[in-house]
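Chemist: For reference, the structure I am asking about is given below.
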Amino acid sequence: VVVYPTIKKATIWMANPVASREAAVANGAKNNSSYANFRNNEEKEMLESFLDLCNENKFEEADRVLEQVLESQIQRLKHYVGQYNHVLCLERNNGIPHADIEMNFSYEKHKEVLQTVIDYYENNRLPYYNFEIRTTNQDDAFLSCCQSRPGMWIDFQAKADVSHDFFYEMTSMLKHFGYRKHWAKGMDNSDPSYVIEQFPDIAKFIE
């Protein structure tokens with residue numbers, strides 16, 4: 001799920017198996033023979049324009065540009081078929097350099113966590129254009145963020161020059177929910193003692 005707080009919209013992306021490429025096309029899917037880019041070059045240029053307009057405090061104009069990006073993406077990616085490892089719509093091409101931080105919360109707390117984030121964005125302008133949400137099932141790996149609980153993840157993003165303060169604000173605001181940090185995203189914005197507290201089997205892993 002990709003959330004665009006400034007325009008109060010979200011897109012939900014799903015990938016489902018099909019019997020064959022031919023059957024999917026017959027059912028109305030667009031045949032995609034290569035990697036499905038989350039954005040094309042024109043959409044990238046629009047998002048760069050969005051960020052420039054925000055820097056100039058031209059927020060209404062910026063949000064109109066963002067609406068155009070979503071319309072373009074939905075038109076391109078609403079229904080298509082492709083190779084299984086090419087259809088996840090990741091930001092592989094036409095990406096905008098940015099920093100991100102991802103936090104995992106107990107799924108049982110998802111309503112409270114999301115409401116806290118929504119309340120924040122009702123009163124504060126996001127320094128980027130979106131944040132992302134996903135869920136994963138629980139497991140028993142020592143250092144897994146989903147150890148002993150199913151998880152909801154939120155990935156916050158920002159341009160590098162404003163990311164540190166923004167990520168600090170997000171981690172401070174959500175700390176009381178007991179989040180676990182993605183080990184490869186934003187660990188430089190972490191309190192090591194807090195990280196250790198959230199992984200009860202970290203000593204077993206070290207052993």
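The way I read the labels, and the way they are meant: chains A, B, ... in the order of the structure tokens, residue 1 as the first residue of every chain, and ligand 1 as the first ligand shown, with later ones counted on from there.
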List every residue of segment 8-203 of chain A that DSSP, applied to the backbone of this structure, places in alpha helix (DSSP H), and write the result as number ranges by chain.
Modeler: A: 21-26, 41-55, 59-77, 110-123, 160-174, 192-197, 202-203
Chemist: Residues of the last selection are to be written out with C-alpha atoms, as a PDB file, in the first residue's frame.
Modeler:
```pdb
ATOM      1  CA  ARG A  21       0.118 -15.074 -20.130  1.00  0.00           C
ATOM      2  CA  GLU A  22      -2.269 -15.694 -23.006  1.00  0.00           C
ATOM      3  CA  ALA A  23      -5.203 -16.290 -20.667  1.00  0.00           C
ATOM      4  CA  ALA A  24      -4.466 -13.075 -18.775  1.00  0.00           C
ATOM      5  CA  VAL A  25      -4.315 -11.045 -21.976  1.00  0.00           C
ATOM      6  CA  ALA A  26      -7.592 -12.606 -23.074  1.00  0.00           C
ATOM      7  CA  ASN A  41      10.538   8.687 -16.857  1.00  0.00           C
ATOM      8  CA  GLU A  42       7.681  11.179 -17.283  1.00  0.00           C
ATOM      9  CA  GLU A  43       6.304  10.320 -13.836  1.00  0.00           C
ATOM     10  CA  LYS A  44       9.762  10.712 -12.343  1.00  0.00           C
ATOM     11  CA  GLU A  45      10.007  14.201 -13.822  1.00  0.00           C
ATOM     12  CA  MET A  46       6.593  15.080 -12.401  1.00  0.00           C
ATOM     13  CA  LEU A  47       7.619  13.923  -8.924  1.00  0.00           C
ATOM     14  CA  GLU A  48      10.816  15.951  -9.108  1.00  0.00           C
ATOM     15  CA  SER A  49       8.634  18.921 -10.027  1.00  0.00           C
ATOM     16  CA  PHE A  50       6.411  18.116  -7.027  1.00  0.00           C
ATOM     17  CA  LEU A  51       9.396  18.264  -4.684  1.00  0.00           C
ATOM     18  CA  ASP A  52      10.650  21.513  -6.221  1.00  0.00           C
ATOM     19  CA  LEU A  53       7.219  23.124  -5.829  1.00  0.00           C
ATOM     20  CA  CYS A  54       7.054  22.009  -2.205  1.00  0.00           C
ATOM     21  CA  ASN A  55      10.425  23.614  -1.567  1.00  0.00           C
ATOM     22  CA  PHE A  59       1.699  23.182  -2.113  1.00  0.00           C
ATOM     23  CA  GLU A  60      -1.580  23.350  -4.031  1.00  0.00           C
ATOM     24  CA  GLU A  61       0.238  23.299  -7.345  1.00  0.00           C
ATOM     25  CA  ALA A  62       2.473  20.492  -6.109  1.00  0.00           C
ATOM     26  CA  ASP A  63      -0.507  18.357  -5.105  1.00  0.00           C
ATOM     27  CA  ARG A  64      -2.080  18.805  -8.535  1.00  0.00           C
ATOM     28  CA  VAL A  65       1.110  17.408 -10.040  1.00  0.00           C
ATOM     29  CA  LEU A  66       0.977  14.462  -7.626  1.00  0.00           C
ATOM     30  CA  GLU A  67      -2.591  13.713  -8.711  1.00  0.00           C
ATOM     31  CA  GLN A  68      -1.338  13.524 -12.299  1.00  0.00           C
ATOM     32  CA  VAL A  69       1.347  11.019 -11.273  1.00  0.00           C
ATOM     33  CA  LEU A  70      -1.234   8.708  -9.709  1.00  0.00           C
ATOM     34  CA  GLU A  71      -3.519   8.951 -12.718  1.00  0.00           C
ATOM     35  CA  SER A  72      -0.624   8.020 -15.008  1.00  0.00           C
ATOM     36  CA  GLN A  73       0.495   5.091 -12.828  1.00  0.00           C
ATOM     37  CA  ILE A  74      -2.997   3.658 -12.517  1.00  0.00           C
ATOM     38  CA  GLN A  75      -3.495   3.882 -16.273  1.00  0.00           C
ATOM     39  CA  ARG A  76      -0.221   2.031 -16.925  1.00  0.00           C
ATOM     40  CA  LEU A  77      -0.345  -0.543 -14.129  1.00  0.00           C
ATOM     41  CA  HIS A 110      -2.099  -1.418  13.512  1.00  0.00           C
ATOM     42  CA  LYS A 111      -5.187   0.764  14.039  1.00  0.00           C
ATOM     43  CA  GLU A 112      -3.579   2.811  16.802  1.00  0.00           C
ATOM     44  CA  VAL A 113      -0.317   3.175  14.901  1.00  0.00           C
ATOM     45  CA  LEU A 114      -1.989   4.261  11.675  1.00  0.00           C
ATOM     46  CA  GLN A 115      -4.264   6.697  13.482  1.00  0.00           C
ATOM     47  CA  THR A 116      -1.222   8.285  15.128  1.00  0.00           C
ATOM     48  CA  VAL A 117       0.439   8.696  11.726  1.00  0.00           C
ATOM     49  CA  ILE A 118      -2.752  10.105  10.183  1.00  0.00           C
ATOM     50  CA  ASP A 119      -3.135  12.595  13.035  1.00  0.00           C
ATOM     51  CA  TYR A 120       0.450  13.727  12.490  1.00  0.00           C
ATOM     52  CA  TYR A 121      -0.091  14.349   8.782  1.00  0.00           C
ATOM     53  CA  GLU A 122      -3.288  16.270   9.437  1.00  0.00           C
ATOM     54  CA  ASN A 123      -1.123  18.937  11.047  1.00  0.00           C
ATOM     55  CA  ALA A 160      18.694  12.953   2.402  1.00  0.00           C
ATOM     56  CA  ASP A 161      19.151  16.569   3.475  1.00  0.00           C
ATOM     57  CA  VAL A 162      15.971  16.549   5.621  1.00  0.00           C
ATOM     58  CA  SER A 163      15.779  12.867   6.491  1.00  0.00           C
ATOM     59  CA  HIS A 164      17.604  12.852   9.821  1.00  0.00           C
ATOM     60  CA  ASP A 165      15.284  15.272  11.619  1.00  0.00           C
ATOM     61  CA  PHE A 166      12.171  13.763  10.034  1.00  0.00           C
ATOM     62  CA  PHE A 167      13.131  10.192  10.916  1.00  0.00           C
ATOM     63  CA  TYR A 168      13.957  11.240  14.470  1.00  0.00           C
ATOM     64  CA  GLU A 169      10.501  12.781  14.756  1.00  0.00           C
ATOM     65  CA  MET A 170       8.810   9.623  13.450  1.00  0.00           C
ATOM     66  CA  THR A 171      10.766   7.236  15.674  1.00  0.00           C
ATOM     67  CA  SER A 172      10.153   9.402  18.740  1.00  0.00           C
ATOM     68  CA  MET A 173       6.436   9.668  18.023  1.00  0.00           C
ATOM     69  CA  LEU A 174       5.980   5.913  17.511  1.00  0.00           C
ATOM     70  CA  PRO A 192      21.031   0.741  20.190  1.00  0.00           C
ATOM     71  CA  SER A 193      19.635  -0.022  23.644  1.00  0.00           C
ATOM     72  CA  TYR A 194      16.084   0.347  22.356  1.00  0.00           C
ATOM     73  CA  VAL A 195      16.816  -1.939  19.388  1.00  0.00           C
ATOM     74  CA  ILE A 196      18.152  -4.646  21.690  1.00  0.00           C
ATOM     75  CA  GLU A 197      15.086  -4.431  23.926  1.00  0.00           C
ATOM     76  CA  ILE A 202      19.245 -11.434  20.460  1.00  0.00           C
ATOM     77  CA  ALA A 203      21.453 -13.118  23.106  1.00  0.00           C
TER      78      ALA A 203
END
```
Chemist: Any idea what the distance is between atom CA of Val18 of chain A and atom CA of Phe38 of chain A?
Modeler: 20.8 Å
Chemist: Might you pull out every residue within 6 Å of Ile154 of chain A, with only C-alpha atoms counted and same-chain residues fewer than 6 positions away left off, and present them as a list in words?
Modeler: Glu102, Met103, Glu132 and Ile133 of chain A
Chemist: Env of Pro150 of chain A: 10 Å cut, atoms = only C-alpha atoms, seq-sep filter 4 positions within chain, self excluded. Answer as a PDB file with N, CA, C and O atoms, in the first residue's frame.
Modeler:
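File written: out_16.pdb
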```pdb
ATOM      1  N   ASN A 104       8.644  -1.943  12.055  1.00  0.00           N
ATOM      2  CA  ASN A 104       7.702  -3.055  12.139  1.00  0.00           C
ATOM      3  C   ASN A 104       6.964  -2.976  13.477  1.00  0.00           C
ATOM      4  O   ASN A 104       7.583  -2.866  14.531  1.00  0.00           O
ATOM      5  N   PHE A 105       5.644  -3.038  13.410  1.00  0.00           N
ATOM      6  CA  PHE A 105       4.810  -2.987  14.604  1.00  0.00           C
ATOM      7  C   PHE A 105       4.002  -4.274  14.717  1.00  0.00           C
ATOM      8  O   PHE A 105       3.690  -4.921  13.714  1.00  0.00           O
ATOM      9  N   SER A 106       3.643  -4.626  15.930  1.00  0.00           N
ATOM     10  CA  SER A 106       2.725  -5.743  16.110  1.00  0.00           C
ATOM     11  C   SER A 106       1.435  -5.443  15.367  1.00  0.00           C
ATOM     12  O   SER A 106       0.869  -4.351  15.508  1.00  0.00           O
ATOM     13  N   TYR A 107       0.967  -6.407  14.589  1.00  0.00           N
ATOM     14  CA  TYR A 107      -0.233  -6.165  13.798  1.00  0.00           C
ATOM     15  C   TYR A 107      -1.431  -5.838  14.687  1.00  0.00           C
ATOM     16  O   TYR A 107      -2.347  -5.126  14.262  1.00  0.00           O
ATOM     17  N   GLU A 108      -1.435  -6.321  15.892  1.00  0.00           N
ATOM     18  CA  GLU A 108      -2.533  -6.036  16.814  1.00  0.00           C
ATOM     19  C   GLU A 108      -2.680  -4.540  17.085  1.00  0.00           C
ATOM     20  O   GLU A 108      -3.753  -4.077  17.469  1.00  0.00           O
ATOM     21  N   THR A 135       2.397  -5.866   5.212  1.00  0.00           N
ATOM     22  CA  THR A 135       2.241  -6.770   6.352  1.00  0.00           C
ATOM     23  C   THR A 135       2.954  -8.083   6.057  1.00  0.00           C
ATOM     24  O   THR A 135       3.071  -8.499   4.898  1.00  0.00           O
ATOM     25  N   THR A 136       3.444  -8.746   7.121  1.00  0.00           N
ATOM     26  CA  THR A 136       4.073 -10.057   6.996  1.00  0.00           C
ATOM     27  C   THR A 136       3.664 -10.923   8.181  1.00  0.00           C
ATOM     28  O   THR A 136       3.358 -10.410   9.268  1.00  0.00           O
ATOM     29  N   ASN A 137       3.672 -12.228   7.966  1.00  0.00           N
ATOM     30  CA  ASN A 137       3.262 -13.157   9.013  1.00  0.00           C
ATOM     31  C   ASN A 137       4.380 -13.340  10.040  1.00  0.00           C
ATOM     32  O   ASN A 137       5.532 -12.996   9.798  1.00  0.00           O
ATOM     33  N   GLN A 138       4.029 -13.876  11.186  1.00  0.00           N
ATOM     34  CA  GLN A 138       5.018 -14.081  12.250  1.00  0.00           C
ATOM     35  C   GLN A 138       5.918 -15.268  11.923  1.00  0.00           C
ATOM     36  O   GLN A 138       5.579 -16.130  11.105  1.00  0.00           O
ATOM     37  N   ASP A 139       7.093 -15.297  12.548  1.00  0.00           N
ATOM     38  CA  ASP A 139       8.026 -16.409  12.388  1.00  0.00           C
ATOM     39  C   ASP A 139       8.785 -16.596  13.694  1.00  0.00           C
ATOM     40  O   ASP A 139       8.455 -15.957  14.713  1.00  0.00           O
ATOM     41  N   CYS A 145      12.034  -9.257  12.645  1.00  0.00           N
ATOM     42  CA  CYS A 145      11.106  -8.270  13.187  1.00  0.00           C
ATOM     43  C   CYS A 145       9.727  -8.870  13.417  1.00  0.00           C
ATOM     44  O   CYS A 145       8.911  -8.287  14.139  1.00  0.00           O
ATOM     45  N   CYS A 146       9.463 -10.018  12.826  1.00  0.00           N
ATOM     46  CA  CYS A 146       8.162 -10.678  12.994  1.00  0.00           C
ATOM     47  C   CYS A 146       8.242 -11.874  13.936  1.00  0.00           C
ATOM     48  O   CYS A 146       7.329 -12.705  13.956  1.00  0.00           O
TER      49      CYS A 146
END
```
Chemist: How many Å separate atom CA of Arg39 of chain A from atom CA of Lys185 of chain A?
Modeler: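 About the pair atom CA of Arg39 of chain A and atom CA of Lys185 of chain A: they are 22.0 Å apart.
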Chemist: Grab the atom CA of Gln157 of chain A to atom CA of Ala99 of chain A distance for me, in Å with one decimal place.
Modeler: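 Distance reported for this atom pair: 5.7 Å.
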Chemist: Env of Asn130 of chain A: 7 Å cut, atoms = only C-alpha atoms, seq-sep filter 3 positions within chain, self excluded. Answer as a list in words.
Modeler: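 The residues that qualify are Val2, Val3, Tyr4 and Pro5 of chain A.
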Chemist: Would you output that residue set with C-alpha atoms, as a short mmCIF file (atom, residue, chain, number, x, y, z; two decimals), in the first residue's frame?
Modeler:
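Generated file (part_35.cif):
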```
data_model
loop_
_atom_site.label_atom_id
_atom_site.label_comp_id
_atom_site.auth_asym_id
_atom_site.auth_seq_id
_atom_site.Cartn_x
_atom_site.Cartn_y
_atom_site.Cartn_z
CA VAL A 2 1.41 3.39 -1.01
CA VAL A 3 -0.09 6.33 0.88
CA TYR A 4 -0.06 9.93 -0.38
CA PRO A 5 -1.04 12.00 2.68
#
```
